[in-house]
Each structure stands twice: as structure tokens, then as C-alpha cells.
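Enquirer: After the C-alpha cells below, expect a handful of questions from me.
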Amino acid sequence: MIKKIAVLPRKPLRYRYDNVTKQDNSNTKAESKIMRLSRYFIPTIKETPSEAQIVSHRLMLRAGLIRQSAAGIYTWLPLGLKVLKKIENIVREEQNRAGAHELLMPTIQSADLWQESGRYDDYGKEMLRIEDRHGRELLYGPTNEELITDIFRREVRSYRDLPLNLYHIQWKFRDEIRPRFGVMRGREFLMKDNYSFDLTAEEGVHSYNAMFVAYLRTFARLGLRAIPMKADTGPIGGDLSHEFIVLAETGESEVFFDKGFDAFEIPGEDVFDGDLQPIVDQWTSLYAATDEMHDVENPGVDMKNIQTGRGIEVGHIFFFGDKYSKPMGASVQGPEGDIVDVQMGSYGIGVSRLIGGIIEASHDDNGIIWPESVAPFKVGLMNLNVKNDECVETCDRLYKEFTAAGVEILYDDRKEGAGAKFADMDLIGLPWQVALGPRGLKSGMVELKNRATGEREEVAIDDIVARLS
RNA sequence: CGGGAAGUAGCGCAGCCUGGUAGCGCACUACACUGGGGGUGUAGGGGUCGCAGGUUCAAAUCCUGUCUUCCCGACCA
């Protein structure tokens, strides 16, 4: 049988790059045209979805951040994805600052490595196992110790290459018996995990300390109050381990911590060159424990100084020495020519879970209250009357000016009533709301509202862009 | 995995007990009015009742199986 094949013209294909390269590729400008709510995609829900039990899950569905795809598996809608990326970036910046290097390991792993470490059988049903067309055993990675150790042992031979700290931000899958609480306890989740390699235990502790400090800074930048608590090292093992617990009234577990934490300062960004031990010593000097570790009968501490609250675990750091390096042969040649098993630590932050944590810690009856650092947009501009030409013109102008000033702005130009716009804007939770209607137009003022405090003030139309830039 | 519930329009639900033309509210579409806190009216569109099998003249409704989702517990970033 002869198939007719379309013959391509002989003329060489020539792409015109000029038009593309001349464009301004800055995010703000590229996005500016679509940040009109009438053209954007934020499907908000007025009613409470029945399956969502906790406030962050409800608000994430209502504000159009996520939609459930299967139990514990979610699609990230544009607004949710924007927040996720912002969190991811803050995590990334602080990791880089602390000296870690980013790479990206795959989600699908071969079973071989896991058989070598012995965890293929140990991990149990929580690990999602897959078979490819050739019958090879694969798995969707629940964590990456095996892979990273394999990379390390293949590429690193000498103590001169140490210390080394590698991280990635990648989707993981753990087939939880019972996923719940939306993104807080999903099966698929985005996690930053990293692994430090050092020659000696002392240097390993230094790497641990760097991560400890990086975590303090990361959570603070996310607008969270996180307290490091001594953790049960559990199956991962090791001597040194802390959980970072974010305080939120609706947290999953009860926590007990010394009032003295209130006075501690978050380390500055230049601390990594110096000795970190005093910082870690300070933050670990006071009592702090989750209900698992806290003995109510015999707390071993004067409860008069202890406050209780609820918290959500958002990070966990471990130093476990040669627990994995020894069985997997991750060693280097030391300065004396001897072969030394490296000292390892691993450090995790639940990036997707953090969105839930942030909302749990920051919301009210009307919706989400984003900390400015992770807000999907800084400002929401509302045209309260789209039938009024002058309103439209003025709002369009403000929108352009905000965009030109580099302010991340969402412009509600929909043909909705004012009430609907206010309600959606509160639900979405942008830090600043700018409302302009015919009434304000007459006096030359817009209403500026701070979402967090609820404070409103009149600001001259001509001043508002500068005010929020 | 143990215990408990639920699958009917995009969302929230009624109808099932007692089998007989598939409903309500919100959302959606069109038009008009309204225009500073989810406004009003008129007219519309949309559902093989999770799936499969069985009983019956007839099944959303009764029976069996199955899948999915949610809640409580043990587990966990």
C-alpha cells in the first residue's frame, strides 16, 4: 500500500525571532493584559462545599485555588498556583542563601535502589508501586534518600568536595490510608527536601544548624510564627531532630511552649557566614513540645511559663550520621587517605501543605487574609460601576499605572454588583483593596482597605498608585 | 485497615419508606431594571438518578454486587 505523503516546501523554514526578542519579557508586563478578572480564571464558590471540613480546605475551594481530582489529589488553579510558586520561591531563596544547591530528581523512581536500601519492603502500602510495559518495577517517590545517596556515591569521591547540601522541590506521593484536610494531608504533595553530606559529625551539625536557621527565616518570611520543637526521630533515626510547628488555632496537634519564645528575634540574612550555634542554642533553650512528646503528668518544666496552643507541622529536620551512608556505601576518601562514611542529614518543608497552614493561621469569616509575601496579587482594584464611563476610564487608567509601577494587581472589571465584588475580594484575600465608584469619583477619592485590619481610608485618586508602590 | 455515612443538574439538597411524566434553591444563558457589601423581574438551557446485574408490565425508588467520596480511630510533611 502506498501512502501519500505531504511534501514540505523546499524553502528553508525561517523563524522570525525579532518580534519575540524585542518584547519585554518581565512577568509583570507579560501578565498585565490578563489580570482583568473578566478575562481571568478564578471560579469562586458562594456556598460551602460539603466535603471540606476545615477552614483552609473550605477557603481554598471557595476562593478558586484548588479543585479535587481524586482523594488527596488536587488540581492547582491559577490563583492557587501563583501562591504555591511564591512560597516555593521564598523557600528556594532561603535554601540558596544557606548554601544549598538546587537540583531536580524525578517523581518516578526505579525499585532497584529501594531494594538495595531495604526500604522497598519496609515502606509498605504507603508507597505507590507501578509496573511499566516491560514489567519493571517502578514507584512514585514518597521521598528521595535513596536517589540522592546514589547520586552522591557515584559522583563524590573526596572529602574536598564536602560539605555538600543538595535540595529539590518536587511532587511526592504517599498513599495515605486516609487523606483529609485538603492540601494539608493530601496524597500528592509538593515538598522541598534536601540532604547534607559532611566528613565529620561536627561539620554535619554545622550543616544542620544552617538549615535550622534557614527554616526560622523561611517561615518568618511566609508570615508565619513557627517554633522549633524537639522531635521524635521515629523510623528515620538519629540524635538530632526538630519539627517546625506553625501556630494556628485550628492546628492538628496541641503544643506546649515557653512564653520566652515571644522575645526571640529572627536571624538576619547575613548570619550564615558566622557561627550559628548560638542562634540554635537560643532557640532550643526553652521548652517546646507537641502533645506526643509532652508528658502532662510529669512535664519536667514549670508550667507557669508555658503557653499552650495548636500547631501544624510544616518542616522537619534530621541529622542521622551514617545511618544511610554506611549501608549504601556513600563514602569519601579523607585527608589521611582513609575511606570515611559521610555524615548525613535530611530536611523537609511541606510546600503545598504550607498554603493550608498559612490560611489556617490567617483568615476571618469572610475569607483568606494573605500575608503580603505570598499573596497572589498585592492589590485588588474594583470598579464598582462598569456602566459609568468615567469609572471605567479612571479604573482602566489606574490599572495601567499600577502595572507600569510594577505592582501586582488584579482588576475586577466584571459586570457584577458592587456587593459581589467586595465579597469575592475579601474571599480571595488580597492585602489591599482599592474601590472606585461614582461616589468617590465625584470627590476624586478611592477607598483603600487593608484586608488584614479592615481599616478603610479615602485616598486621592492621583495618589493611590504611589501609595501602594 | 476497623467503625459510621453519602452518591439525583456545576454547587447545596428534596424525592426513595408506600415502584408509575425527575424536582427545589444557588449558579449558568438572554433581555430589562439596579449599581458602594453576594440586588430585582421575565424568559430559558442543563440530569442515561455513580456503575453493573436482578425482581417487575414498569425501578431514582425494592434486591445483589461493585466503584467513588466523606466522617471517627490507628498512621503521617
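Residue numbers start at 1 in each chain; chains themselves are named A, B, ... in the order of the C-alpha cells; ligands are numbered from 1 in the order shown.
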Please provide the set of residues having any atom within 10 Å of A60 of chain B, restricted to only C-alpha atoms (C1' of nucleotides), with same-chain residues fewer than 6 positions apart removed, written as a PyMOL selection string.
Expert: chain B and resi 8+15-16+22+49
Enquirer: Quick one: contact table of chain B to segment 105-128 of chain A, 12 Å max, nearest atom pair and distance in Å to one decimal per residue, counting only C-alpha atoms (C1' of nucleotides), chain and number order, as JSON lines?
Expert:
```
{"residue": "B:C1", "atom": "C1'", "partner": "A:Lys125", "partner_atom": "CA", "distance": 11.1}
{"residue": "B:C75", "atom": "C1'", "partner": "A:Glu126", "partner_atom": "CA", "distance": 9.7}
{"residue": "B:C76", "atom": "C1'", "partner": "A:Glu126", "partner_atom": "CA", "distance": 9.8}
```
Enquirer: So which residues of segment 134-334 of chain A fall under helix (DSSP H, G or I) by DSSP, listed as number ranges by chain?
Expert: A: 145-155, 159-161, 182-184, 201-221, 234-236, 259-263, 271-273, 277-283, 303-305, 325-328
Enquirer: So that I can see what lies close to segment 83-98 of chain A, please list as a list in words the residues with an atom at most 7 Å from it, counting only C-alpha atoms (C1' of nucleotides) and leaving out residues fewer than 2 positions away in the same chain.
Expert: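 Listing them by chain and then by number gives Leu79, Gly80, Leu81, Ala100, His101, Ala210, Met211, Ala214, Thr218, Phe272, Val351, Ser352, Val374, Ala375 and Pro376 of chain A.
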Enquirer: Store the residues picked out above, limited to C-alpha atoms, as a short mmCIF file (atom, residue, chain, number, x, y, z; two decimals), in the first residue's frame.
Expert:
```cif
data_model
loop_
_atom_site.label_atom_id
_atom_site.label_comp_id
_atom_site.auth_asym_id
_atom_site.auth_seq_id
_atom_site.Cartn_x
_atom_site.Cartn_y
_atom_site.Cartn_z
CA LEU A 79 -4.66 31.63 41.78
CA GLY A 80 -3.55 28.67 43.90
CA LEU A 81 -0.61 28.02 41.63
CA ALA A 100 22.25 24.50 49.44
CA HIS A 101 22.21 23.73 45.73
CA ALA A 210 22.39 26.19 58.79
CA MET A 211 19.12 24.52 57.90
CA ALA A 214 17.19 28.86 57.20
CA THR A 218 11.75 30.91 55.72
CA PHE A 272 25.32 32.26 57.57
CA VAL A 351 5.42 23.42 50.44
CA SER A 352 1.86 22.61 49.37
CA VAL A 374 2.77 35.12 49.40
CA ALA A 375 -0.34 36.97 48.21
CA PRO A 376 -1.22 36.11 44.61
#
```
Enquirer: Grab the atom CA of Arg178 of chain A to atom CA of Glu292 of chain A distance for me, in Å with one decimal place.
Expert: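 Straight-line distance from atom CA of Arg178 of chain A to atom CA of Glu292 of chain A works out to 20.2 Å.
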